[in-house]
Protein chains: 4
Amino acid sequence: METIIKINCIDEKGLIHKITGILYSRSLNVTQTSEFVDETANRFFMRVSFTGDTELSILGKELVNVLPAHAEVEIIKPGKKKVLILVTREHHCLGDLIIKSVYHDLPFDICGVIGNHETLKPPCDKFDIPFHFEPSTELTRLEHEAKLNGIISSYQPDLLVLAKYMQILTPEFTTFYKGRIINIHHSFLPAFIGANPYRQAFERGVKIIGATAHFVTDDLDEGPIICQEVISVNHSHSVKEMSRAGKEVEKAVLARALKLVLEDRVFIYQNKTILFD
Amino acid sequence: METIIKINCIDEKGLIHKITGILYSRSLNVTQTSEFVDETANRFFMRVSFTGDTELSILGKELVNVLPAHAEVEIIKPGKKKVLILVTREHHCLGDLIIKSVYHDLPFDICGVIGNHETLKPPCDKFDIPFHFEPSTELTRLEHEAKLNGIISSYQPDLLVLAKYMQILTPEFTTFYKGRIINIHHSFLPAFIGANPYRQAFERGVKIIGATAHFVTDDLDEGPIICQEVISVNHSHSVKEMSRAGKEVEKAVLARALKLVLEDRVFIYQNKTILFD
Amino acid sequence: METIIKINCIDEKGLIHKITGILYSRSLNVTQTSEFVDETANRFFMRVSFTGDTELSILGKELVNVLPAHAEVEIIKPGKKKVLILVTREHHCLGDLIIKSVYHDLPFDICGVIGNHETLKPPCDKFDIPFHFEPSTELTRLEHEAKLNGIISSYQPDLLVLAKYMQILTPEFTTFYKGRIINIHHSFLPAFIGANPYRQAFERGVKIIGATAHFVTDDLDEGPIICQEVISVNHSHSVKEMSRAGKEVEKAVLARALKLVLEDRVFIYQNKTILFD
Amino acid sequence: METIIKINCIDEKGLIHKITGILYSRSLNVTQTSEFVDETANRFFMRVSFTGDTELSILGKELVNVLPAHAEVEIIKPGKKKVLILVTREHHCLGDLIIKSVYHDLPFDICGVIGNHETLKPPCDKFDIPFHFEPSTELTRLEHEAKLNGIISSYQPDLLVLAKYMQILTPEFTTFYKGRIINIHHSFLPAFIGANPYRQAFERGVKIIGATAHFVTDDLDEGPIICQEVISVNHSHSVKEMSRAGKEVEKAVLARALKLVLEDRVFIYQNKTILFD
């Protein structure tokens, strides 16, 4: 299994030379490197995967030493990530993620599922995944999120996935888990922001609908986009049929985005993502 | 060559039976029929293509007789349509349409081209297509459109195509040519309405961009959509590269929409299209 | 719910008029009609959906009376179809179908699953779907298929789905269930017929891979194609990664094809399908 | 404008470090680097773009000095490439390439066009592109190719593009121009190798057709694939309609492949391509 290094810093000449020099001096077996320079932002991004034993904390210090000030360096040991999933009533994304988790299609474990409805408890039970029913009715958002936070902190997940979680989260919540919440939005953002995108799409008479997986920020539907996919529709599709067709896209896009994040292939910078896929 | 019948009326039982009965009684050879009922609007749409000689005006009357009140019946004789193209400075759509016209890839003739810049005169000249330079500067919109109207009425085109015509048209103009103006918009509508969609897409960090061919109404970028297509982009695409990639989609979408309209496969109803492709 | 009529016969003038006349005379509420004439084969295909009560056996006779000799007329009452699934060891298609069945995403019930390995018993058990382990080792094909036939006849399924069933079936078997077995093939047929298509794709260096859902005939990988889909790959994809990416396409294509068949939207004629989607 | 370095050699540890070290020591401004290691072949590929003045021949020697034996190093100065196009009778690819060349959509100049029919002389004439009519009838292949070689050597093109050139070339010819001939094949290879792929696709009843741009080798339709693209078709498409729809894909794929090659983003290794796009 491979160790991953993610570097995100101000760009300057010679960075790749210096970084690979440290890896070379330690005789590590670099299996893949990817770099990108955002020229308008003068920002350098690099992902390196390697095999071989080395003292990671020392490696990290050596890297920081050759990088510009304020460089962000992450070194990620091989292994599965822990994912907590939030759902409401729709089963399609959760069902797909459960199958993918049980059969190791993606490197993650679902440590638990929180539902603000009880609808999706049965499939969790069948696969021995803890399901927490936390209704949001009769609670303020902050009260509800306090309960979520309790559950989340008991699991210490690497990632939260909103698999059709139909609740708006507070800026406090999204800020606290910044860069660690993935949402699947049922439209091709920025088209059809807000509620009922399939109805909006139907009313507008579009010929293509889509779905967007993105990181959640305090700006609803405006977080950094990870993946998008579309399918064709036509005049004969009712709102319901668009929604049904869309669900297949939603689950595919969410799985694809999750794969990239689980494999540490995604950088967030300002309001965009850099993907090394 | 085939004659086309387009029918658009209130739905009621037995319409297909009655319509096909008239064609059958005249021994016409029906080659294709397509129907659609918009159940929410209680509206019936039918397209029939047939070969065989018949008196079209009598056929039309017979059809109207069996249809509900206010039925719209169009009978279109086989033949190429006359298309007038409006351009500004970008060549990609015009270039493709010229090639397609010269080589009969689509059933149309470009009767003329109007440019509010002179940039695209040379390719028109090379293929002996009349080019009219009508600058919009120093004129009010209505004055400019009066000049356009003069040229248009001298050609009597079946269709106007805005092939990257970067001028906003008045409601007077769009209403006068209602259902006969096709525009290519350089975004996946309704995403990125307005100016500079590629820059907007770049700023938002989308992973897919697109183009939309639509009929022009007095509501800018809001007319009935005919075709849409998309392509993937990523973090490494600059605005310029998105724009370049987008141009290929724009020209493909415009050609596809134009083909459908030229073959009389498109119905407009309220703010949507029904396509029998 | 709607009743479906499927008609497949020699083409002649007036068929639509006659067919819709019968429906009109019975005051049935026709919700959708689709027709296609295969001109090279002089063959007429029509699908009609309607609501309303009527004596179906009499309706069938009336239709046959107005149609050319040897017309095939099927009248299908509304309701879920019974599907028996055959699997080997790969879980992705079965997992998706189980979720879709349990949550009524498609109009079918999985009456049982037959595996020539025991690997996929657990997910069936969890959802109370009978799983039959029928190893094919140490048996001739005919002996193995005799056992399959015993199980199948006990369920009387409408359809058999080979969801990555890695056994070749005899002509006796495929002929017996002609038009009722759907297979998902892990390549974009006719590319990469036979074993190990992802390895073949890798060796050939293709930039797109795909999957094909088709009816099974006695000619391996040559039956009528229902649906195909593709995804892009590149030089960095190993055989294993192509296979992983391909599985997502396989399950999507199989589900799409199954939906069309379950909704009686597919005609088989000679070695092709006509889809009214 | 950027200078490009392409390196293709046996893989060993430290290559990126050594290569970037040379660029760093020369204070060159590296704008983009891409690397790929083919692990099964133990082969390293790298593309570097940089701006800044340097003595290219010395740079090349320094690079070779740090690389394993038999490394292939190419240093490509910025500038347009010269392309000679071979055609038969179909205009769609040539038309698109002429427009793209005239308007600088891609960094190339069409130095000339050779046709084995005279059909496509007019568009070349209109844009002042030399057209050479070289009929292949009444000549052996070698005689015909001798004439081609004469014309080609008079132009010294960087690249030959077979834009629907319907002649089979001899191994002598393809070997001589190895890695410098791009062909557009009207099918999704390896499906439908050989003549009349659209008819083959029609007969087989496929639901997707495509096109493939590839380098030409002495093994017909088997050269390294650069790009592939597909579009959906259905039962209603005749061979002619498939062919028409396919032409749009052909021209798009060819343009995309040509762009990659013109920008020196394509490596050929054995029978595959590595694309740094």
# chains A, B, ... in the order shown; residues from 1 in each chain; ligands from 1
$ interface_residues --of "chain A" --to "chain C" --cutoff "8 Å" --atoms "only C-alpha atoms" --output "PDB file with N, CA and C atoms, in the first residue's frame"
ATOM      1  N   HIS A  91     -33.101   6.393  -0.597  1.00  0.00           N
ATOM      2  CA  HIS A  91     -32.226   5.246  -0.350  1.00  0.00           C
ATOM      3  C   HIS A  91     -31.108   5.061  -1.365  1.00  0.00           C
ATOM      4  N   HIS A  92     -31.216   5.690  -2.549  1.00  0.00           N
ATOM      5  CA  HIS A  92     -30.356   5.267  -3.654  1.00  0.00           C
ATOM      6  C   HIS A  92     -28.868   5.479  -3.385  1.00  0.00           C
ATOM      7  N   GLY A  95     -27.827   3.129  -0.351  1.00  0.00           N
ATOM      8  CA  GLY A  95     -27.776   1.731  -0.780  1.00  0.00           C
ATOM      9  C   GLY A  95     -26.487   1.432  -1.532  1.00  0.00           C
ATOM     10  N   ASP A  96     -26.143   2.309  -2.442  1.00  0.00           N
ATOM     11  CA  ASP A  96     -24.931   2.112  -3.239  1.00  0.00           C
ATOM     12  C   ASP A  96     -23.684   2.157  -2.355  1.00  0.00           C
ATOM     13  N   ILE A  99     -23.300  -1.106  -0.243  1.00  0.00           N
ATOM     14  CA  ILE A  99     -22.754  -2.205  -1.063  1.00  0.00           C
ATOM     15  C   ILE A  99     -21.260  -1.980  -1.300  1.00  0.00           C
ATOM     16  N   TYR A 103     -18.355  -4.557   0.257  1.00  0.00           N
ATOM     17  CA  TYR A 103     -17.537  -5.324  -0.688  1.00  0.00           C
ATOM     18  C   TYR A 103     -16.201  -4.668  -1.003  1.00  0.00           C
ATOM     19  N   LYS A 126     -29.505  -4.430   8.445  1.00  0.00           N
ATOM     20  CA  LYS A 126     -29.173  -5.675   7.735  1.00  0.00           C
ATOM     21  C   LYS A 126     -27.669  -5.854   7.597  1.00  0.00           C
ATOM     22  N   PHE A 127     -26.959  -4.737   7.466  1.00  0.00           N
ATOM     23  CA  PHE A 127     -25.513  -4.833   7.285  1.00  0.00           C
ATOM     24  C   PHE A 127     -24.746  -4.426   8.549  1.00  0.00           C
ATOM     25  N   GLU A 248     -29.948   8.030 -10.542  1.00  0.00           N
ATOM     26  CA  GLU A 248     -28.843   7.178 -11.000  1.00  0.00           C
ATOM     27  C   GLU A 248     -27.565   7.997 -11.174  1.00  0.00           C
ATOM     28  N   ALA A 252     -23.974   7.837  -8.931  1.00  0.00           N
ATOM     29  CA  ALA A 252     -22.713   7.644  -9.654  1.00  0.00           C
ATOM     30  C   ALA A 252     -21.733   8.775  -9.348  1.00  0.00           C
TER      31      ALA A 252
END
$ residues_around --residues "Met46 (chain B)" --least-positions-apart "2" --cutoff "8 Å" --atoms "only C-alpha atoms" --output "ChimeraX atom specification"
/B:5-8,33-36,44,48
$ atom_distance --atom1 "CA of Arg199 (chain A)" --atom2 "CA of Gln228 (chain C)"
28.4 Å
$ residues_around --residues "Pro135 (chain C)" --least-positions-apart "2" --cutoff "8 Å" --atoms "only C-alpha atoms" --output "short mmCIF file (atom, residue, chain, number, x, y, z; two decimals) with N, CA, C and O atoms, in the first residue's frame"
data_model
loop_
_atom_site.label_atom_id
_atom_site.label_comp_id
_atom_site.auth_asym_id
_atom_site.auth_seq_id
_atom_site.Cartn_x
_atom_site.Cartn_y
_atom_site.Cartn_z
N GLY C 115 -26.67 -19.19 -7.90
CA GLY C 115 -25.24 -18.92 -8.02
C GLY C 115 -24.48 -20.20 -8.29
O GLY C 115 -24.75 -21.22 -7.65
N ASN C 116 -23.56 -20.18 -9.21
CA ASN C 116 -22.71 -21.37 -9.36
C ASN C 116 -21.52 -21.29 -8.39
O ASN C 116 -20.70 -22.20 -8.33
N HIS C 117 -21.44 -20.21 -7.65
CA HIS C 117 -20.59 -20.13 -6.45
C HIS C 117 -21.48 -19.68 -5.30
O HIS C 117 -22.55 -19.13 -5.53
N PHE C 133 -27.59 -22.48 -4.50
CA PHE C 133 -26.21 -22.75 -4.88
C PHE C 133 -26.18 -23.98 -5.78
O PHE C 133 -26.51 -25.08 -5.34
N THR C 137 -19.24 -27.33 -11.39
CA THR C 137 -18.08 -28.24 -11.48
C THR C 137 -18.55 -29.68 -11.34
O THR C 137 -19.56 -29.96 -10.70
N HIS C 144 -25.89 -29.62 -15.42
CA HIS C 144 -26.00 -28.37 -14.66
C HIS C 144 -27.28 -27.63 -15.03
O HIS C 144 -28.04 -27.18 -14.17
#
$ closest_residue --among "D:Leu142, D:Leu160, D:His237, D:Asp128" --to "Ile114 (chain D)" --atoms "only C-alpha atoms"
D:Leu160
$ atom_distance --atom1 "CA of Arg265 (chain D)" --atom2 "CA of Gly79 (chain D)"
14.5 Å
$ residues_around --residues "region 202-210 of chain A" --least-positions-apart "3" --cutoff "6 Å" --atoms "only C-alpha atoms" --output "count of residues only"
12
$ select_by_dssp --residues "region 82-245 of chain B" --states "strand (DSSP E or B)" --output "PyMOL selection string"
chain B and resi 82-87+108-115+131-133+159-162+181-185+208-215+225-232
$ closest_residue --among "C:Phe45, C:Pro68, C:Ile168, C:Arg141" --to "Thr88 (chain C)" --atoms "only C-alpha atoms"
C:Ile168
$ closest_residue --among "D:Leu67, D:Ile10, D:Val216, D:Val113" --to "Val87 (chain D)" --atoms "only C-alpha atoms"
D:Val113
